[in-house]
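Undergrad: Can you keep this structure in mind? I'll have questions shortly.
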Amino acid sequence: MKRIFLSLLAAALLLPGHSAIKVHTIGDSTMAEYDESTTDKRGWGMYLGSFFDPAYVTVNNRGKSGADTRGFYNGAAYWASVKSQMSAGDYLIIQFAHNDEGTVTYGMDNLEYAAYCAEHSLPAPSDARGTNPQTTYRDYLRLFIDEARALGVTPILAGPICRAYFQGNDIKRNGKHDLGDKFSKLENGVLYENQSLPAGDSTMSYVKAMKVVAEEKNVPFIDLTAATRDLYLEYGESQCMSLLFCTGDKTHTNAMGGNLVTYTGVAQNKEFLLTGYDLEPEAGTVNLSASANLQISLDKENYASTAQVAYAGGSLFQKVYVRANYTTDGEQHDTIYAVSGEHVMAVPVSATAISLDGGAAVSATWAINAKPVPAPVVEGPISAAFSMSHMACIDYSASKNYFVDGDETNIVLARFHNSADGSARTPWPAGEIDENADRYLDFAITAPATMDVRITRIAMEIAADGTAMLSPMSRRSRRNAT
């Protein structure tokens with residue numbers, strides 16, 4: 001029988017049994033939220049809320065893909081934003097390391113390496129991520145802890161989940177976030193690459209560094225690294241890769257893998273997970289049926305009041321999607337039944353239906369096609385605003401309007417540049433990666449205090465143009481998102 005490690009149970013036991021408690025989670029892509037309609041990636045933070053009764057504890061999952069400790073701390077949209085959502089009595093779970101290990105020079109502080117490159121006239125690093133486990137990694141963990149405590153929030157450190165780097169009957173050293181087999185370092189102004197340490201030397205272990213900070217700061221430490229290592233080995237490499245991870249990915253878990261990190265067997269808000277392990281008989285069928293107001297689907301396309309789920313090998317893992325159709329407002333309570341032989345499990349479904357009768361349609365549209373950006377077109381009793389962070393908007397001149405493809409003649413576009421204050425443009429930073437937490441466009445609507453706003457649609461049209469080498473015309477590409 002495969003044993004499921006309830007590694008976050010330690011965190012749960014710290015939570016007193018009263019209402020209005022919020023658990024905040026900060027970390028990287030292995031924790032983050034994902035759109036279930038566009039990817040099979042699932043961060044374990046998406047499933048943490050199922051461990052608690054939402055009447056007492058809610059989870060604010062703020063894991064961010066690509067984040068290392070420095071990037072998350074300094075990003076205006078990340079740590080500062082999380083702190084603004086915290087209240088005294090809340091809890092904060094911190095998991096970093098995957099991106100702190102770096103992608104250019106492993107185990108080095110990226111700013112230290114960038115300074116070395118500038119001093120030796122080398123190209124600036126193309127990736128701004130990377131901290132050292134002995135210095136900056138620990139420093140940023142301490143900052144998260146100290147600033148959370150200053151707000152009356154209880155911090156908890158969680159070791160990063162393992163990468164599925166199998167080596168025989170174990171996980172490779174770097175899969176457990178110890179770079180002792182290959183790392184870089186600077187000593188006396190000299191760069192040393194491809195360095196290594198004996199197996200027992202944990203100098204380059206980010207997990208060990210986190211444990212040291214936990215002891216130093218008297219912070220609870222949950223060893224998700226050790227727990228996920230054991231979990232992966234329980235499954236074995238073949239089943240681990242086919243059942244727990246995204247296709248061709250040894251870092252990011254799918255729904256089953258993300259769920260098992262904090263497995264409790266409780267249905268999710270977005271994904272109802274029907275699970276079973278060490279089942280008898282080893283193969284069979286589970287029949288699902290929903291009460292009158294609900295429909296269920298196994299593929300998110302075909303919905304009906306009943307469904308059948310076959311399983312084999314003594315294990316069952318099936319995502320079940322639920323669609324509700326209520327004609328009255330207020331609290332709603334329904335049930336989905338799972339039946340296998342003589343075994344019957346009832347899954348309660350609760351919802352709050354809101355009537356929109358008597359409301360007013362509102363909308364705000366921004367056409368970003370000139371400098372300054374024109375005022376939004378507003379319909380209904382709301383106001384709207386637009387601002388830019390570290391960007392400037394420069395309008396095209398009429399002579400650069402090359403677009404003649406059908407209905408897209410005489411289109412005016414705006415061009416964005418780097419800017420310190422949103423006005424005069426400045427040189428674009430060398431080596432900046434595609435995503436910068438300080439550089440964004442901010443669209444906002446404000447409704448009267450007496451109005452309850454329900455956002456039903458957000459859409460945008462993005463266009464880019466570039467001149468082809470062999471053509472006198474520019475080519476325009478368009479992407480719509482809703």
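Residue numbering restarts at 1 in every chain; chains get A, B, ... in the order shown in the structure tokens, and ligands count up from 1 in that same order.
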Please provide the set of residues having any atom within 9 Å of Tyr47 in chain A, restricted to only C-alpha atoms, with same-chain residues fewer than 2 positions apart removed, written as a list in words.
TA: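 Skipping anything fewer than 2 positions along the chain leaves Arg42, Gly43, Trp44, Gly45, Gly49, Ser50, Phe51, Ala255, Gly258, Asn259, Leu260, Val261, Thr262, Tyr263 and Gln268 of chain A.
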Undergrad: Pick out the residues sitting within 8 Å of range 57-59 of chain A, and hand them over as a short mmCIF file (atom, residue, chain, number, x, y, z; two decimals) with all heavy atoms, in the first residue's frame; count only C-alpha atoms, and ignore anything fewer than 2 positions along from it in its own chain.
TA:
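After the write, out15.cif holds the following:
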```cif
data_model
loop_
_atom_site.label_atom_id
_atom_site.label_comp_id
_atom_site.auth_asym_id
_atom_site.auth_seq_id
_atom_site.Cartn_x
_atom_site.Cartn_y
_atom_site.Cartn_z
N SER A 19 -12.81 31.13 13.77
CA SER A 19 -13.04 31.63 12.43
C SER A 19 -12.08 32.76 12.06
O SER A 19 -11.31 33.23 12.88
CB SER A 19 -14.48 32.10 12.29
OG SER A 19 -14.73 33.14 13.22
N ALA A 20 -12.18 33.17 10.81
CA ALA A 20 -11.48 34.34 10.28
C ALA A 20 -9.97 34.17 10.23
O ALA A 20 -9.25 35.14 10.30
CB ALA A 20 -11.84 35.59 11.08
N ILE A 21 -9.48 32.95 10.09
CA ILE A 21 -8.04 32.73 9.92
C ILE A 21 -7.75 32.54 8.45
O ILE A 21 -8.47 31.83 7.75
CB ILE A 21 -7.56 31.50 10.72
CG1 ILE A 21 -7.63 31.80 12.22
CG2 ILE A 21 -6.15 31.10 10.33
CD1 ILE A 21 -7.25 30.64 13.07
N LYS A 22 -6.66 33.16 8.00
CA LYS A 22 -6.25 33.01 6.61
C LYS A 22 -4.83 32.48 6.56
O LYS A 22 -3.96 32.93 7.30
CB LYS A 22 -6.36 34.34 5.88
CG LYS A 22 -6.01 34.26 4.39
CD LYS A 22 -6.17 35.61 3.70
CE LYS A 22 -7.63 35.99 3.53
NZ LYS A 22 -7.78 37.22 2.71
N VAL A 23 -4.60 31.52 5.67
CA VAL A 23 -3.26 30.99 5.43
C VAL A 23 -2.78 31.52 4.08
O VAL A 23 -3.43 31.30 3.06
CB VAL A 23 -3.25 29.45 5.42
CG1 VAL A 23 -1.85 28.93 5.11
CG2 VAL A 23 -3.73 28.90 6.75
N HIS A 24 -1.67 32.24 4.08
CA HIS A 24 -1.08 32.76 2.86
C HIS A 24 0.07 31.85 2.46
O HIS A 24 0.83 31.38 3.31
CB HIS A 24 -0.56 34.18 3.08
CG HIS A 24 -1.57 35.12 3.65
ND1 HIS A 24 -2.41 35.90 2.88
CD2 HIS A 24 -1.91 35.37 4.95
CE1 HIS A 24 -3.19 36.62 3.66
NE2 HIS A 24 -2.92 36.31 4.93
N THR A 25 0.22 31.58 1.18
CA THR A 25 1.33 30.76 0.70
C THR A 25 2.11 31.54 -0.34
O THR A 25 1.53 32.12 -1.26
CB THR A 25 0.83 29.44 0.08
OG1 THR A 25 -0.06 29.73 -1.01
CG2 THR A 25 0.09 28.60 1.11
N LEU A 48 -4.23 23.07 -0.98
CA LEU A 48 -4.07 23.22 0.47
C LEU A 48 -5.39 23.55 1.15
O LEU A 48 -5.66 23.10 2.26
CB LEU A 48 -3.03 24.30 0.77
CG LEU A 48 -2.74 24.56 2.24
CD1 LEU A 48 -2.23 23.28 2.92
CD2 LEU A 48 -1.70 25.68 2.39
N GLY A 49 -6.24 24.33 0.49
CA GLY A 49 -7.50 24.73 1.11
C GLY A 49 -8.39 23.55 1.45
O GLY A 49 -9.23 23.65 2.36
N PHE A 52 -8.69 22.21 5.15
CA PHE A 52 -9.36 22.95 6.20
C PHE A 52 -10.85 23.12 5.93
O PHE A 52 -11.28 23.09 4.78
CB PHE A 52 -8.75 24.35 6.36
CG PHE A 52 -7.26 24.35 6.53
CD1 PHE A 52 -6.42 24.76 5.50
CD2 PHE A 52 -6.69 23.94 7.72
CE1 PHE A 52 -5.05 24.76 5.65
CE2 PHE A 52 -5.32 23.94 7.89
CZ PHE A 52 -4.49 24.35 6.86
N ASP A 53 -11.60 23.32 6.97
CA ASP A 53 -12.99 23.71 6.85
C ASP A 53 -13.01 25.19 6.51
O ASP A 53 -12.54 26.02 7.29
CB ASP A 53 -13.71 23.46 8.18
CG ASP A 53 -15.21 23.77 8.11
OD1 ASP A 53 -15.62 24.53 7.21
OD2 ASP A 53 -15.95 23.27 8.97
N PRO A 54 -13.53 25.57 5.32
CA PRO A 54 -13.49 26.98 4.93
C PRO A 54 -14.25 27.91 5.86
O PRO A 54 -14.09 29.13 5.78
CB PRO A 54 -14.12 26.96 3.52
CG PRO A 54 -14.91 25.69 3.46
CD PRO A 54 -14.17 24.71 4.31
N ALA A 55 -15.08 27.36 6.72
CA ALA A 55 -15.75 28.21 7.70
C ALA A 55 -14.76 28.74 8.72
O ALA A 55 -15.04 29.73 9.41
CB ALA A 55 -16.86 27.43 8.40
N ASN A 61 -3.45 31.53 -1.93
CA ASN A 61 -2.27 30.97 -2.59
C ASN A 61 -1.66 32.00 -3.52
O ASN A 61 -2.22 32.34 -4.54
CB ASN A 61 -2.65 29.72 -3.37
CG ASN A 61 -1.44 29.07 -4.03
OD1 ASN A 61 -0.32 29.25 -3.58
ND2 ASN A 61 -1.67 28.32 -5.08
#
```
Undergrad: In Å, rounded to a single decimal, give me how far CA of Ser383 in chain A is from CA of Pro448 in chain A.
TA: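 About the pair CA of Pro448 in chain A and CA of Ser383 in chain A: they are 8.8 Å apart.
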Undergrad: Excluding range 101-110 of chain A and its own-chain neighbours fewer than 2 positions away, which residues fall within 9 Å of it when counting only C-alpha atoms? Please give them as number ranges by chain.
TA: A: 68, 97-99, 112-115, 125-133, 135-137, 177, 179, 182-186, 193-194, 204, 206
Undergrad: Quick one: pick out all strand (DSSP E or B) residues within range 199-262 of chain A from a backbone DSSP run and write them as a count of residues only.
TA: 5
Undergrad: Do a neighbour search on Gly284 in chain A at 10 Å with only C-alpha atoms, toss out local chain neighbours closer than 6 positions, and write the hits as an mmCIF file with N, CA, C and O atoms, in the first residue's frame.
TA:
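Writing the result to out-v2.cif gives the following:
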```
data_model
loop_
_atom_site.group_PDB
_atom_site.id
_atom_site.type_symbol
_atom_site.label_atom_id
_atom_site.label_comp_id
_atom_site.auth_asym_id
_atom_site.auth_seq_id
_atom_site.Cartn_x
_atom_site.Cartn_y
_atom_site.Cartn_z
ATOM 1 N N VAL A 309 -16.915 5.660 -13.722
ATOM 2 C CA VAL A 309 -15.462 5.756 -13.662
ATOM 3 C C VAL A 309 -14.897 4.361 -13.439
ATOM 4 O O VAL A 309 -15.190 3.725 -12.424
ATOM 5 N N ALA A 310 -14.111 3.876 -14.394
ATOM 6 C CA ALA A 310 -13.469 2.570 -14.246
ATOM 7 C C ALA A 310 -12.083 2.756 -13.634
ATOM 8 O O ALA A 310 -11.414 3.768 -13.861
ATOM 9 N N TYR A 311 -11.645 1.780 -12.842
ATOM 10 C CA TYR A 311 -10.316 1.846 -12.251
ATOM 11 C C TYR A 311 -9.666 0.471 -12.320
ATOM 12 O O TYR A 311 -10.320 -0.553 -12.516
ATOM 13 N N ALA A 312 -8.337 0.446 -12.177
ATOM 14 C CA ALA A 312 -7.582 -0.807 -12.194
ATOM 15 C C ALA A 312 -6.349 -0.637 -11.325
ATOM 16 O O ALA A 312 -5.972 0.494 -10.962
ATOM 17 N N GLY A 313 -5.732 -1.757 -10.963
ATOM 18 C CA GLY A 313 -4.518 -1.701 -10.163
ATOM 19 C C GLY A 313 -4.727 -1.256 -8.735
ATOM 20 O O GLY A 313 -3.776 -0.863 -8.051
ATOM 21 N N GLY A 314 -5.943 -1.286 -8.266
ATOM 22 C CA GLY A 314 -6.213 -0.907 -6.880
ATOM 23 C C GLY A 314 -6.159 0.580 -6.607
ATOM 24 O O GLY A 314 -6.232 0.999 -5.453
ATOM 25 N N LEU A 316 -7.512 4.623 -7.835
ATOM 26 C CA LEU A 316 -8.488 5.425 -8.567
ATOM 27 C C LEU A 316 -8.156 6.890 -8.381
ATOM 28 O O LEU A 316 -7.938 7.352 -7.258
ATOM 29 N N SER A 340 -19.916 2.088 -5.368
ATOM 30 C CA SER A 340 -19.134 0.961 -5.861
ATOM 31 C C SER A 340 -19.543 -0.267 -5.057
ATOM 32 O O SER A 340 -19.199 -0.383 -3.873
ATOM 33 N N GLY A 341 -20.295 -1.144 -5.674
ATOM 34 C CA GLY A 341 -20.798 -2.309 -4.952
ATOM 35 C C GLY A 341 -21.706 -1.872 -3.821
ATOM 36 O O GLY A 341 -22.683 -1.145 -4.017
#
```
Undergrad: To one decimal in Å, tell me the separation between CA of Asn254 in chain A and CA of Thr306 in chain A.
TA: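 CA of Thr306 in chain A lies 25.5 Å from CA of Asn254 in chain A.
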Undergrad: Smallest atom-to-atom distance to Tyr56 in chain A: which of A:Leu441, A:Asp90, A:Pro381, A:Leu243, using only C-alpha atoms?
TA: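 Using only C-alpha atoms, Tyr56 in chain A sits closest to A:Asp90.
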Undergrad: Might you pull out every residue within 12 Å of Tyr235 in chain A, with only C-alpha atoms counted and same-chain residues fewer than 2 positions away left off, and present them as a list in words?
TA: Met1, Lys2, Arg3, Ile4, Ala164, Phe166, Asn169, Asp170, Thr228, Arg229, Asp230, Leu231, Tyr232, Leu233, Glu237, Ser238, Gln239, Cys240, Met241, Ser242, Leu243, Leu244, Phe245, Gly257, Leu260 and Ser315 of chain A
Undergrad: So that I can see what lies close to range 293-299 of chain A, please list as a ChimeraX atom specification the residues with an atom at most 10 Å from it, counting only C-alpha atoms and leaving out residues fewer than 4 positions away in the same chain.
TA: /A:272,288-289,303-309,318-327,332-336,349
Undergrad: Let me see the file: selected residues, N, CA, C and O atoms, as a short mmCIF file (atom, residue, chain, number, x, y, z; two decimals), in the first residue's frame.
TA:
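The file below, again04.cif, is the result:
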```cif
data_model
loop_
_atom_site.label_atom_id
_atom_site.label_comp_id
_atom_site.auth_asym_id
_atom_site.auth_seq_id
_atom_site.Cartn_x
_atom_site.Cartn_y
_atom_site.Cartn_z
N PHE A 272 -13.25 18.50 -8.42
CA PHE A 272 -13.72 17.47 -7.50
C PHE A 272 -12.87 16.22 -7.78
O PHE A 272 -12.88 15.68 -8.89
N LEU A 288 -21.35 7.38 -10.56
CA LEU A 288 -21.61 8.70 -10.01
C LEU A 288 -23.00 9.17 -10.42
O LEU A 288 -23.43 8.96 -11.56
N SER A 289 -23.69 9.82 -9.49
CA SER A 289 -24.99 10.41 -9.80
C SER A 289 -25.13 11.72 -9.04
O SER A 289 -24.62 11.85 -7.93
N TYR A 303 -21.69 16.91 -20.17
CA TYR A 303 -22.28 16.93 -18.83
C TYR A 303 -23.57 16.12 -18.81
O TYR A 303 -24.36 16.16 -19.76
N ALA A 304 -23.79 15.40 -17.71
CA ALA A 304 -25.02 14.63 -17.54
C ALA A 304 -25.23 14.44 -16.04
O ALA A 304 -24.41 14.83 -15.21
N SER A 305 -26.35 13.83 -15.69
CA SER A 305 -26.65 13.61 -14.28
C SER A 305 -25.93 12.38 -13.72
O SER A 305 -25.87 12.21 -12.50
N THR A 306 -25.38 11.53 -14.59
CA THR A 306 -24.66 10.33 -14.14
C THR A 306 -23.37 10.17 -14.92
O THR A 306 -23.20 10.74 -16.01
N ALA A 307 -22.44 9.38 -14.36
CA ALA A 307 -21.19 9.06 -15.04
C ALA A 307 -20.62 7.80 -14.42
O ALA A 307 -20.93 7.46 -13.27
N GLN A 308 -19.78 7.10 -15.17
CA GLN A 308 -19.12 5.90 -14.68
C GLN A 308 -17.61 6.08 -14.78
O GLN A 308 -17.09 6.56 -15.78
N VAL A 309 -16.92 5.66 -13.72
CA VAL A 309 -15.46 5.76 -13.66
C VAL A 309 -14.90 4.36 -13.44
O VAL A 309 -15.19 3.72 -12.42
N GLN A 318 -9.66 10.38 -10.34
CA GLN A 318 -10.48 10.92 -11.42
C GLN A 318 -10.95 12.33 -11.08
O GLN A 318 -11.50 12.57 -10.01
N LYS A 319 -10.73 13.27 -12.00
CA LYS A 319 -11.27 14.62 -11.84
C LYS A 319 -12.72 14.62 -12.31
O LYS A 319 -13.02 14.11 -13.40
N VAL A 320 -13.58 15.17 -11.49
CA VAL A 320 -15.00 15.25 -11.83
C VAL A 320 -15.40 16.72 -11.80
O VAL A 320 -15.20 17.40 -10.79
N TYR A 321 -15.95 17.21 -12.90
CA TYR A 321 -16.35 18.61 -12.99
C TYR A 321 -17.86 18.71 -12.74
O TYR A 321 -18.63 17.86 -13.17
N VAL A 322 -18.24 19.75 -12.04
CA VAL A 322 -19.63 19.91 -11.62
C VAL A 322 -20.19 21.21 -12.19
O VAL A 322 -19.55 22.26 -12.10
N ARG A 323 -21.36 21.13 -12.77
CA ARG A 323 -22.06 22.31 -13.29
C ARG A 323 -23.37 22.46 -12.53
O ARG A 323 -24.13 21.50 -12.39
N ALA A 324 -23.62 23.65 -12.02
CA ALA A 324 -24.84 23.90 -11.25
C ALA A 324 -25.80 24.79 -12.05
O ALA A 324 -25.37 25.66 -12.81
N ASN A 325 -27.08 24.55 -11.87
CA ASN A 325 -28.10 25.37 -12.54
C ASN A 325 -29.20 25.66 -11.52
O ASN A 325 -30.08 24.84 -11.26
N TYR A 326 -29.15 26.87 -10.95
CA TYR A 326 -30.12 27.25 -9.92
C TYR A 326 -31.03 28.34 -10.46
O TYR A 326 -30.58 29.26 -11.16
N THR A 327 -32.28 28.25 -10.13
CA THR A 327 -33.26 29.24 -10.60
C THR A 327 -33.71 30.18 -9.48
O THR A 327 -34.46 31.11 -9.74
N GLN A 332 -27.65 27.13 -1.44
CA GLN A 332 -28.09 25.93 -2.15
C GLN A 332 -27.27 24.73 -1.65
O GLN A 332 -26.07 24.85 -1.41
N HIS A 333 -27.93 23.60 -1.50
CA HIS A 333 -27.26 22.40 -1.01
C HIS A 333 -27.69 21.20 -1.86
O HIS A 333 -28.89 20.91 -1.96
N ASP A 334 -26.72 20.53 -2.47
CA ASP A 334 -26.99 19.36 -3.29
C ASP A 334 -25.98 18.27 -2.95
O ASP A 334 -25.08 18.46 -2.13
N THR A 335 -26.11 17.13 -3.63
CA THR A 335 -25.27 15.98 -3.30
C THR A 335 -24.89 15.23 -4.57
O THR A 335 -25.69 15.09 -5.50
N ILE A 336 -23.66 14.75 -4.59
CA ILE A 336 -23.20 13.81 -5.61
C ILE A 336 -22.89 12.50 -4.91
O ILE A 336 -22.22 12.48 -3.88
N VAL A 349 -22.45 19.30 -1.94
CA VAL A 349 -22.11 20.45 -2.77
C VAL A 349 -22.92 21.64 -2.28
O VAL A 349 -24.14 21.59 -2.22
#
```
Undergrad: Provide the CA of Ile222 in chain A to CA of Lys176 in chain A distance in Å, to one decimal place.
TA: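 Pair CA of Ile222 in chain A / CA of Lys176 in chain A returns 14.5 Å.
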Undergrad: My list of candidates is A:Arg163, A:Lys208, A:Arg70, A:Lys64. Which is closest to Gly180 in chain A when distances are computed with only C-alpha atoms?
TA: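 Among A:Arg163, A:Lys208, A:Arg70, A:Lys64, it is A:Lys208 that comes nearest to Gly180 in chain A.
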Undergrad: Write out as a count of residues only all residues of range 58-232 of chain A that DSSP puts in helix (DSSP H, G or I) for this structure's backbone.
TA: 62
